[in-house]
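*Asks:* Here it is, the structure, as structure tokens.
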Amino acid sequence: MEITEELIKHVAELSRLEFSDDEVETYTKQMDSIINMANELSEVDTEGVEETVQVVDRDTVFREDKPEHWQGQNRETLMENVPEKANGFIKVPVIIEKDDNE
Amino acid sequence: MNFKSTIGLEVHFELKTKSKIFSPSPVSYGAKPNTETNVIDWAMPGVLPMVNKDVYRLGIMVALATNAHVLPTTHFDRKNYFYPDNPKAYQITQFFQPLARDGYIEVEVNGKKKRIGIHEMHIEEDAGKNTHGTNGFSYVDLNRQGVPLLEVVSEPDMETPEEAYAYLEKLRKIVQFTGASDVKMEEGSMRVDTNISIRPAGQKELGTKVEMKNLNSFDHVRRSLAYEQKRQEQVLLSGGRIQVSTRRFDEATGKTVLERVKEGAADYRYFPEPDIAPDHISQEWIDEIAKTLPKSAYERYDDYVNKFGIKPYDANVLLQTKESSDFFDAAVAAGADPTLAANWMNTQVNGYLNDNRVELADVKLTPENLAKMIELIKDGTISSKIAKKVFAETIENGTDPKKYVEEKGMVQLSDLSVLEPMVKKVVDNNPQSVEDFKNGKDRAIGFLVGQIMKETRGKANPKVVNKLLNKELASR
Amino acid sequence: MNYLNETIDSLNKKLASGELSAEDLAKATTENIKETDKKLNAWITVEDDAKPAENLNFAKNKLAGIPIAIKDNIVTNGVKTTAASHILDNFMPMYDATVITKLKDAQATFVGKTNMDEFAMGSSTEHSYFGATHNPWNLDKVPGGSSGGSAAAVAGGQVVAALGSDTGGSIRQPAAFNGIFGIKPTYGRVSRWGLIAFASSLDQIGVMTKRVKDSAEVLNVIAGGDEHDSTVSTREVPDFTKFIGQDVKGLRVAVPKEYMDAVSGEMREVIQKQIDTLKDAGAIINEVSLPHTKYVVPTYYIVASSEASSNLQRYDGIRYGYRAKDAKNLLDVYLKSRSEGFGTEVKRRIMLGSFALSAGSYDKFFRQAAKVRTLICNDFEKIFAENDVIVGPTTTEPAFGIGEEVSDPIKMYNNDILTISANLAGIPAASVPAGLVDGMPVGLQVMAKRFDEGSVFRVADFIERSNKFYEKTPTAMED
């Protein structure tokens, strides 16, 4: 798989990152060598092998449906770090591009 | 040229839990912005999700009610996208191993029965809410973030807007009667997205899909699909090409409007959620839930009409909501005569709710009290006139009808030892009426009943009085 | 006050007898940190007014009144927590990580937060918004990473114990580079609630101390089930100090040839010497193979970066953290806040992860890595069917110079080849000092089967008693 500047720009967009032209060039080169290394994984015969996505000794961990307000976590404390707020809302500049879920 | 339409529906239901799917924050409506939240809902650094058991329970109920197969092992996945109402910038959903697959429901359109397949259903979290201001800013409220959702994805089995409408009606009724969701479109506890493609009759491969999101009502679903059918036909007939796109229904014009053309599929970078262990759903648990599954509206209809002898129209009114049907069932279980209970529910109770713009859950009337009141009417303790007063009292204040009637001295007078002498006396005092009666004037009886009512301040049981008067007059 | 010659036992004795007051200890500790940190830069936040808990119970709580360092990716209520990132450099948490709650219950004294590679991505603690940390054995060398601040703080005698986190070696490699002990427990042994996520399926909080027993004491406190974390085990936590002071007679010790082949010269000799010590003491040494070792680096970088790319999406400038000043619209807020807020290495990993998960790459990279991970787990299972522990070098080389490797990501990533398997398999692993190579410490890695930290402590403690490395003082800390 060839890592092109186009691809890097596309992945940057997915990641909500922006890069200067120089950076795109550097990342393209670096990603190319990283992906080259990752390509080695194709050598491994994984026919019929299950995927491991976590190594846990539990399953089906549920919590009972009990509503609670956590101590010390009221709107004021939760909003202390909000860069811009108004009337109990988080304030953000106008949304000009819509994502698929809206 | 003839065209065939292929329609699929994706319906989101808010599941009726007390707390959110991954955090214990309360689920409530109309709370002040960001007050029903905690560090999990805010996606603060370092937080982890913990699954609410009831979300599964309610989801499994719907799966059972729609003949779907619950998967023995499910796993949550992450759907990645940035939006201010999506604090983690990923939604936890079930993409690879959903809750259930391969269900179906049966609908009837123009007298024709049709089975519509359900491809799969999965549980996931709702997002918060953005309010767009006019001043160049948007405002984010995270109260809704983490409210549990069940998404039911149909097979593309529908061919007409009417079938889509019938499917939605039926699905809503089914879900409503499991009690898993409030299914209110206007409050967002039921949301509908549709997709439709058309192809020339005889062509095998499906046409290009157009999506419509967040439709406000079933009627909009029907109208927008009908409009799209025509629009797409015209595009194809004029040699045009349908674009993969999302369109919006404009209520004012009744037309659909292009929102966005999709350049390839959106890339959500789904992958298994590493913060949640896999969930194994045992057959024992499914069986246990199956036992608690409430009767469906269709089973209840059968009971009402065939067992209780209630008129079909009245049965349908009772079955408008699960709440009213449950209330009725409870009243009958408490001993109420089904026909009388149905009449009271559909006239007096509904009338009261409409007049006061409240819901059954908001008033103090209990099924037990309704049953008691109906019993009092039936055994002649109170007249239907008095019953109205009793009803007003019990629905307003939750007063026990029996006690109320006794305390207020509203008990109907049926005691023969009291009424017999009274009847004699009234007939004695009104010889003219006796004469009239003998001459066949029925009005005479009415006058005499009125006299007795006057005497007893309306408490005399009219049936008994009538009987006694007839007997007395005949003996003269 | 420095801790170069202290242990939790010695401190507990002095505090209990009244020879030392917890208030004075807290004060002397922060004063010493402020002084010595001019050399080390091991801390991001030092409490101005560190105070012990009230009503200290020295008999019940071994850690009562004893200052413990916390890596700055562990959330502390009311104390700035940054993960060494510009994007969180003003973030004030409103809750405590479970390990913090447990340390508070055990009455440990809180003195501050240690430096690290940004979001724990790196193995040198050079990738910190707050500047590089220096190795106490040679200030021109890196302390390793990402828990380099915690390692340097312990090695430099600033504290007796520190919490770190380990996603691919972030506790063990700096422990090796600093001549201290560091343990990454079994995945699921310690709650991750309040650990700022890097790679959720690999991250684990652990302990770094000069002496093996001290880590057992701290792990006793922080391990165990937690209703906030559905991946943490609910099984009983043994008293890990029970495994201290035992012999290794009859213990079956596996030595992977791929690990020994990764080291040469003096480094190999030092490691071999530790293995010989075990053999001389009656342990059974078996040469074994971990055939997929060649693939662990790409497997790890795909899995860890994929999870990281998703975990780090919440840093979007909307609800907390850095928001770019000149953003005019929403897209600008995202692009500028994230591009300005994250450092180069973090952005590189986000890019790699987003790529590996993107349409068209998922099967080839993420899914294939998840499958190879299964094979790596199987390799370990086979070995543990016939062996109690695996030992080998922790790193391929001793600490490198500051600035030497930052520019070559591939070289940097390959450095982790010996430590990342334990994270992929979720097994416990530790590094215990083995000796010096060119005046810099190197470590012996000890791994065991899942939830058998006991065997790790047993072997590490035996090595510690044999080579007495703890008697050495880091060169740059000598007066």
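Residues are referred to by chain and number: the chain letter is A, B, ... according to the order shown in the structure tokens, the number counts from 1 in that chain, and ligands are numbered separately from 1 in the order shown.
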Go through chain A residue by residue and, counting only C-alpha atoms, keep those with an atom at most 8 Å from chain C; for each kept residue give the shortest atom pair and its distance in Å to one decimal, ordered by chain and increasing number, as CSV.

*Replies:*
```
residue,atom,partner,partner_atom,distance
A:Ile8,CA,C:Met351,CA,7.9
A:Val11,CA,C:Phe355,CA,6.0
A:Ala12,CA,C:Met351,CA,6.5
A:Leu14,CA,C:Ser354,CA,7.1
A:Ser15,CA,C:Ser354,CA,6.5
A:Arg16,CA,C:Leu335,CA,5.1
A:Leu17,CA,C:Leu335,CA,5.0
A:Glu18,CA,C:Leu335,CA,5.8
A:Phe19,CA,C:Ser339,CA,7.5
A:Tyr27,CA,C:Arg348,CA,7.4
A:Gln30,CA,C:Pro409,CA,7.5
A:Met31,CA,C:Leu352,CA,7.1
A:Ser33,CA,C:Ile410,CA,7.5
A:Ile34,CA,C:Ile410,CA,6.7
A:Met37,CA,C:Pro298,CA,6.3
A:Ala38,CA,C:Pro298,CA,4.8
A:Asn39,CA,C:Phe365,CA,7.9
A:Glu40,CA,C:Tyr295,CA,7.4
A:Leu41,CA,C:Tyr295,CA,6.6
A:Ser42,CA,C:Lys364,CA,7.4
A:Val44,CA,C:Val372,CA,7.3
A:Thr46,CA,C:Lys371,CA,6.3
A:Val49,CA,C:Lys371,CA,5.9
A:Glu50,CA,C:Lys371,CA,5.8
A:Glu51,CA,C:Lys371,CA,4.3
A:Thr52,CA,C:Ala370,CA,5.0
A:Val53,CA,C:Ala370,CA,6.0
A:Gln54,CA,C:Ser201,CA,5.1
A:Val55,CA,C:Gly426,CA,5.8
A:Val56,CA,C:Thr231,CA,5.9
A:Asp57,CA,C:Ser233,CA,6.3
A:Arg58,CA,C:Ser233,CA,6.7
A:Val61,CA,C:Ser230,CA,5.8
A:Gly72,CA,C:Met94,CA,7.4
A:Gln73,CA,C:Met94,CA,7.0
A:Thr77,CA,C:Met94,CA,6.5
A:Leu78,CA,C:Met94,CA,7.0
A:Met79,CA,C:Arg319,CA,7.6
A:Glu80,CA,C:Met92,CA,8.0
A:Asn81,CA,C:Tyr320,CA,4.7
A:Val82,CA,C:Arg319,CA,4.7
A:Pro83,CA,C:Tyr320,CA,6.2
A:Ile90,CA,C:Arg319,CA,6.9
A:Lys91,CA,C:Ile318,CA,7.9
A:Val92,CA,C:Ile318,CA,6.8
A:Pro93,CA,C:Asn329,CA,4.9
A:Val94,CA,C:Asn329,CA,5.5
A:Ile95,CA,C:Leu330,CA,5.2
A:Ile96,CA,C:Leu330,CA,6.8
A:Glu97,CA,C:Leu331,CA,7.4
```

*Asks:* Could you please take those selected residues and save N, CA and C atoms as a CSV table (one decimal), in the first residue's frame?

*Replies:*
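Okay, this is what ended up in result.csv:
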```csv
chain,number,residue,atom,x,y,z
A,8,ILE,N,-2.5,10.9,3.4
A,8,ILE,CA,-2.2,11.6,4.7
A,8,ILE,C,-3.2,12.7,5.0
A,11,VAL,N,-6.5,11.2,6.1
A,11,VAL,CA,-6.5,10.7,7.4
A,11,VAL,C,-6.4,11.8,8.4
A,12,ALA,N,-5.7,12.9,8.1
A,12,ALA,CA,-5.7,14.1,8.9
A,12,ALA,C,-7.1,14.7,9.1
A,14,LEU,N,-9.9,13.0,8.9
A,14,LEU,CA,-10.7,12.1,9.8
A,14,LEU,C,-10.3,12.4,11.2
A,15,SER,N,-9.0,12.7,11.5
A,15,SER,CA,-8.5,12.9,12.8
A,15,SER,C,-8.7,14.3,13.3
A,16,ARG,N,-9.2,15.2,12.5
A,16,ARG,CA,-9.4,16.6,12.8
A,16,ARG,C,-8.0,17.2,13.2
A,17,LEU,N,-7.0,17.0,12.3
A,17,LEU,CA,-5.7,17.6,12.5
A,17,LEU,C,-5.4,18.3,11.2
A,18,GLU,N,-4.7,19.4,11.4
A,18,GLU,CA,-4.2,20.1,10.1
A,18,GLU,C,-2.7,20.2,10.1
A,19,PHE,N,-2.1,20.1,9.0
A,19,PHE,CA,-0.7,20.1,8.9
A,19,PHE,C,-0.2,21.1,7.8
A,27,TYR,N,5.2,13.6,7.5
A,27,TYR,CA,4.3,12.5,7.9
A,27,TYR,C,4.2,11.5,6.9
A,30,GLN,N,7.3,9.3,7.1
A,30,GLN,CA,7.3,8.5,8.3
A,30,GLN,C,6.3,7.4,8.3
A,31,MET,N,5.1,7.8,7.9
A,31,MET,CA,4.0,6.9,7.8
A,31,MET,C,4.3,5.7,6.9
A,33,SER,N,7.2,4.5,6.2
A,33,SER,CA,8.1,3.5,6.8
A,33,SER,C,7.4,2.7,7.9
A,34,ILE,N,6.5,3.4,8.6
A,34,ILE,CA,5.8,2.7,9.7
A,34,ILE,C,4.8,1.6,9.1
A,37,MET,N,6.6,-1.4,7.9
A,37,MET,CA,6.8,-2.3,9.0
A,37,MET,C,5.5,-3.1,9.3
A,38,ALA,N,4.4,-2.4,9.3
A,38,ALA,CA,3.2,-3.0,9.7
A,38,ALA,C,2.7,-4.0,8.6
A,39,ASN,N,3.2,-3.8,7.4
A,39,ASN,CA,2.9,-4.7,6.3
A,39,ASN,C,3.4,-6.1,6.6
A,40,GLU,N,4.5,-6.2,7.4
A,40,GLU,CA,5.0,-7.5,7.7
A,40,GLU,C,4.0,-8.4,8.4
A,41,LEU,N,3.0,-7.8,9.0
A,41,LEU,CA,1.9,-8.6,9.6
A,41,LEU,C,1.2,-9.5,8.6
A,42,SER,N,1.2,-9.1,7.3
A,42,SER,CA,0.5,-9.9,6.3
A,42,SER,C,1.2,-11.3,6.1
A,44,VAL,N,2.0,-13.3,8.4
A,44,VAL,CA,1.6,-14.2,9.4
A,44,VAL,C,0.3,-14.9,8.9
A,46,THR,N,-3.0,-16.3,9.5
A,46,THR,CA,-4.0,-16.1,10.6
A,46,THR,C,-5.3,-16.8,10.2
A,49,VAL,N,-7.8,-17.9,12.8
A,49,VAL,CA,-7.4,-17.4,14.2
A,49,VAL,C,-8.4,-16.4,14.6
A,50,GLU,N,-8.9,-16.5,15.9
A,50,GLU,CA,-9.8,-15.5,16.5
A,50,GLU,C,-9.1,-14.2,16.7
A,51,GLU,N,-9.8,-13.1,16.8
A,51,GLU,CA,-9.2,-11.8,17.1
A,51,GLU,C,-9.2,-11.7,18.7
A,52,THR,N,-8.1,-11.1,19.1
A,52,THR,CA,-8.0,-10.7,20.6
A,52,THR,C,-8.1,-9.2,20.6
A,53,VAL,N,-9.2,-8.6,21.2
A,53,VAL,CA,-9.3,-7.2,21.3
A,53,VAL,C,-9.2,-6.7,22.7
A,54,GLN,N,-9.3,-7.7,23.7
A,54,GLN,CA,-9.0,-7.3,25.1
A,54,GLN,C,-8.7,-8.6,25.8
A,55,VAL,N,-8.0,-8.5,26.9
A,55,VAL,CA,-7.6,-9.6,27.7
A,55,VAL,C,-8.2,-9.5,29.1
A,56,VAL,N,-9.4,-9.9,29.2
A,56,VAL,CA,-10.1,-9.7,30.5
A,56,VAL,C,-10.6,-11.0,31.1
A,57,ASP,N,-10.7,-11.1,32.4
A,57,ASP,CA,-11.2,-12.3,33.0
A,57,ASP,C,-12.7,-12.2,33.4
A,58,ARG,N,-13.4,-11.2,32.8
A,58,ARG,CA,-14.8,-11.0,33.2
A,58,ARG,C,-15.6,-10.9,31.9
A,61,VAL,N,-20.6,-7.7,32.5
A,61,VAL,CA,-20.5,-6.9,33.7
A,61,VAL,C,-21.6,-5.8,33.6
A,72,GLY,N,-20.3,15.8,44.5
A,72,GLY,CA,-19.3,16.8,44.0
A,72,GLY,C,-19.4,17.0,42.5
A,73,GLN,N,-20.3,16.3,41.8
A,73,GLN,CA,-20.3,16.5,40.3
A,73,GLN,C,-21.6,17.2,39.9
A,77,THR,N,-19.3,22.3,39.1
A,77,THR,CA,-17.9,21.7,39.1
A,77,THR,C,-17.6,21.1,37.7
A,78,LEU,N,-18.6,20.5,37.0
A,78,LEU,CA,-18.4,19.9,35.7
A,78,LEU,C,-18.0,21.0,34.7
A,79,MET,N,-18.6,22.2,34.9
A,79,MET,CA,-18.4,23.2,33.9
A,79,MET,C,-17.2,24.1,34.1
A,80,GLU,N,-16.4,23.8,35.2
A,80,GLU,CA,-15.3,24.7,35.6
A,80,GLU,C,-14.3,24.8,34.5
A,81,ASN,N,-14.1,23.7,33.7
A,81,ASN,CA,-13.0,23.7,32.7
A,81,ASN,C,-13.5,24.2,31.3
A,82,VAL,N,-14.8,24.5,31.2
A,82,VAL,CA,-15.4,24.8,29.9
A,82,VAL,C,-14.8,26.1,29.4
A,83,PRO,N,-14.2,26.1,28.2
A,83,PRO,CA,-13.5,27.3,27.7
A,83,PRO,C,-14.5,28.5,27.5
A,90,ILE,N,-22.7,24.8,27.1
A,90,ILE,CA,-21.4,24.9,26.6
A,90,ILE,C,-21.5,25.6,25.3
A,91,LYS,N,-20.7,26.7,25.1
A,91,LYS,CA,-20.8,27.5,24.0
A,91,LYS,C,-19.8,27.2,22.9
A,92,VAL,N,-20.2,27.0,21.7
A,92,VAL,CA,-19.2,26.7,20.6
A,92,VAL,C,-19.5,27.5,19.4
A,93,PRO,N,-18.5,27.9,18.6
A,93,PRO,CA,-18.7,28.7,17.4
A,93,PRO,C,-19.7,27.9,16.5
A,94,VAL,N,-20.4,28.6,15.7
A,94,VAL,CA,-21.4,28.1,14.9
A,94,VAL,C,-20.9,26.8,14.1
A,95,ILE,N,-21.8,25.9,14.0
A,95,ILE,CA,-21.5,24.7,13.3
A,95,ILE,C,-21.8,24.8,11.8
A,96,ILE,N,-20.7,24.8,11.0
A,96,ILE,CA,-21.0,25.0,9.6
A,96,ILE,C,-20.9,23.7,8.8
A,97,GLU,N,-20.3,22.7,9.3
A,97,GLU,CA,-20.4,21.4,8.6
A,97,GLU,C,-21.1,20.4,9.5
```

*Asks:* What parts of region 18-49 of chain A does DSSP call alpha helix (DSSP H)? I'd like the answer as a list in words.

*Replies:* Asp21, Asp22, Glu23, Val24, Glu25, Thr26, Tyr27, Thr28, Lys29, Gln30, Met31, Asp32, Ser33, Ile34, Ile35, Asn36, Met37, Ala38 and Asn39 of chain A

*Asks:* Grab the residues selected above and save them as an mmCIF file, in the first residue's frame with C-alpha atoms.

*Replies:*
```cif
data_model
loop_
_atom_site.group_PDB
_atom_site.id
_atom_site.type_symbol
_atom_site.label_atom_id
_atom_site.label_comp_id
_atom_site.auth_asym_id
_atom_site.auth_seq_id
_atom_site.Cartn_x
_atom_site.Cartn_y
_atom_site.Cartn_z
ATOM 1 C CA ASP A 21 2.882 21.283 3.603
ATOM 2 C CA ASP A 22 6.224 20.492 5.213
ATOM 3 C CA GLU A 23 4.538 18.474 7.905
ATOM 4 C CA VAL A 24 2.476 16.564 5.355
ATOM 5 C CA GLU A 25 5.694 15.674 3.574
ATOM 6 C CA THR A 26 7.381 14.494 6.794
ATOM 7 C CA TYR A 27 4.346 12.530 7.948
ATOM 8 C CA THR A 28 3.988 10.909 4.547
ATOM 9 C CA LYS A 29 7.560 9.651 4.692
ATOM 10 C CA GLN A 30 7.347 8.496 8.284
ATOM 11 C CA MET A 31 3.962 6.862 7.844
ATOM 12 C CA ASP A 32 5.290 5.105 4.777
ATOM 13 C CA SER A 33 8.084 3.477 6.765
ATOM 14 C CA ILE A 34 5.752 2.668 9.673
ATOM 15 C CA ILE A 35 3.186 1.105 7.362
ATOM 16 C CA ASN A 36 5.985 -0.785 5.651
ATOM 17 C CA MET A 37 6.829 -2.297 8.992
ATOM 18 C CA ALA A 38 3.151 -3.013 9.670
ATOM 19 C CA ASN A 39 2.878 -4.729 6.296
#
```

*Asks:* With a distance cut-off of 9 Å and only C-alpha atoms, select the neighbouring residues of Ile271 (chain C), excluding the residue or stretch itself and same-chain residues fewer than 3 positions from it, and output the selection as a PyMOL selection string.

*Replies:* chain C and resi 260+263+266-268+274-276+392-393+434-435+442-444

*Asks:* Give as number ranges by chain every residue of chain B that touches chain A within 8 Å, counting only C-alpha atoms.

*Replies:* B: 17-20, 24-27, 32-39, 42, 50-54, 81-84, 132-133, 136-141, 266-267, 272, 274, 277-281

*Asks:* Mind listing the strand (DSSP E) residues of region 96-230 of chain C, per DSSP on the backbone, as a PyMOL selection string?

*Replies:* chain C and resi 109-114+161-166+181-184+204-209

*Asks:* Each residue of chain B with at least one atom at most 7 Å from chain C should appear once, together with its nearest atom pair and the corresponding distance in Å (one decimal); atoms considered: only C-alpha atoms; ordering: chain, then increasing residue number; output as JSON lines.

*Replies:*
```
{"residue": "B:Ala43", "atom": "CA", "partner": "C:Arg314", "partner_atom": "CA", "distance": 6.8}
{"residue": "B:Pro45", "atom": "CA", "partner": "C:Ile196", "partner_atom": "CA", "distance": 5.3}
{"residue": "B:Gly46", "atom": "CA", "partner": "C:Gly194", "partner_atom": "CA", "distance": 4.0}
{"residue": "B:Val47", "atom": "CA", "partner": "C:Trp193", "partner_atom": "CA", "distance": 5.7}
{"residue": "B:Leu48", "atom": "CA", "partner": "C:Trp193", "partner_atom": "CA", "distance": 6.2}
{"residue": "B:Met50", "atom": "CA", "partner": "C:Ser230", "partner_atom": "CA", "distance": 6.3}
{"residue": "B:Asn80", "atom": "CA", "partner": "C:Ser310", "partner_atom": "CA", "distance": 6.9}
{"residue": "B:Pro84", "atom": "CA", "partner": "C:Ile318", "partner_atom": "CA", "distance": 6.8}
{"residue": "B:Pro87", "atom": "CA", "partner": "C:Arg314", "partner_atom": "CA", "distance": 6.1}
{"residue": "B:Lys88", "atom": "CA", "partner": "C:Arg314", "partner_atom": "CA", "distance": 4.5}
{"residue": "B:Ala89", "atom": "CA", "partner": "C:Gln313", "partner_atom": "CA", "distance": 5.5}
{"residue": "B:Asp267", "atom": "CA", "partner": "C:Ala359", "partner_atom": "CA", "distance": 6.1}
{"residue": "B:Arg269", "atom": "CA", "partner": "C:Leu357", "partner_atom": "CA", "distance": 5.0}
{"residue": "B:Pro274", "atom": "CA", "partner": "C:Ser201", "partner_atom": "CA", "distance": 5.5}
{"residue": "B:Asp275", "atom": "CA", "partner": "C:Ser200", "partner_atom": "CA", "distance": 6.2}
{"residue": "B:Ile276", "atom": "CA", "partner": "C:Ser230", "partner_atom": "CA", "distance": 6.1}
{"residue": "B:Ala277", "atom": "CA", "partner": "C:Thr231", "partner_atom": "CA", "distance": 6.0}
```

*Asks:* May I have the residues within 6 Å of Ala448 (chain C) as a ChimeraX atom specification, using only C-alpha atoms and disregarding those fewer than 2 positions away in the same chain?

*Replies:* /C:389,428,452

*Asks:* Please produce a file of the residues just selected, as a PDB file, in the first residue's frame, where the atoms kept are N, CA and C atoms.

*Replies:*
```
ATOM      1  N   VAL C 389       7.942 -18.804  35.410  1.00  0.00           N
ATOM      2  CA  VAL C 389       8.241 -17.418  35.018  1.00  0.00           C
ATOM      3  C   VAL C 389       9.053 -17.405  33.734  1.00  0.00           C
ATOM      4  N   PRO C 428       1.474 -10.177  33.947  1.00  0.00           N
ATOM      5  CA  PRO C 428       2.261  -9.294  34.806  1.00  0.00           C
ATOM      6  C   PRO C 428       3.736  -9.364  34.420  1.00  0.00           C
ATOM      7  N   ASP C 452      -0.478 -13.891  38.375  1.00  0.00           N
ATOM      8  CA  ASP C 452       0.563 -14.472  39.226  1.00  0.00           C
ATOM      9  C   ASP C 452       1.685 -13.468  39.479  1.00  0.00           C
TER      10      ASP C 452
END
```

*Asks:* CA of Lys378 (chain B) to CA of Val358 (chain B): how many Å, to one decimal?

*Replies:*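 According to the coordinates, CA of Lys378 (chain B) and CA of Val358 (chain B) are separated by 28.3 Å.
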
*Asks:* What is the CA of Phe130 (chain C)-CA of Glu118 (chain C) distance in Å, reported with one decimal?

*Replies:*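 Those two atoms sit 9.2 Å apart.
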
*Asks:* Have a look at CA of Ala155 (chain C) and CA of Val456 (chain C) and let me know their distance in Å, one decimal.

*Replies:*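 Between CA of Ala155 (chain C) and CA of Val456 (chain C) the gap is 20.7 Å.
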
*Asks:* Counting only C-alpha atoms, what is within 9 Å of Ser85 (chain C), bar same-chain residues fewer than 5 positions away, as a ChimeraX atom specification?

*Replies:* /C:117-119,127-130,341-343

*Asks:* Give me the residues within 9 Å of Asp140 (chain C) as a PyMOL selection string, counting only C-alpha atoms and dropping any in the same chain fewer than 4 places off.

*Replies:* chain C and resi 134-135+400-402

*Asks:* Find the residues near Thr208 (chain B): any atom within 8 Å, counting only C-alpha atoms, skip ones fewer than 4 places away on the same chain, and give them as a PyMOL selection string.

*Replies:* chain B and resi 197-198+242-244
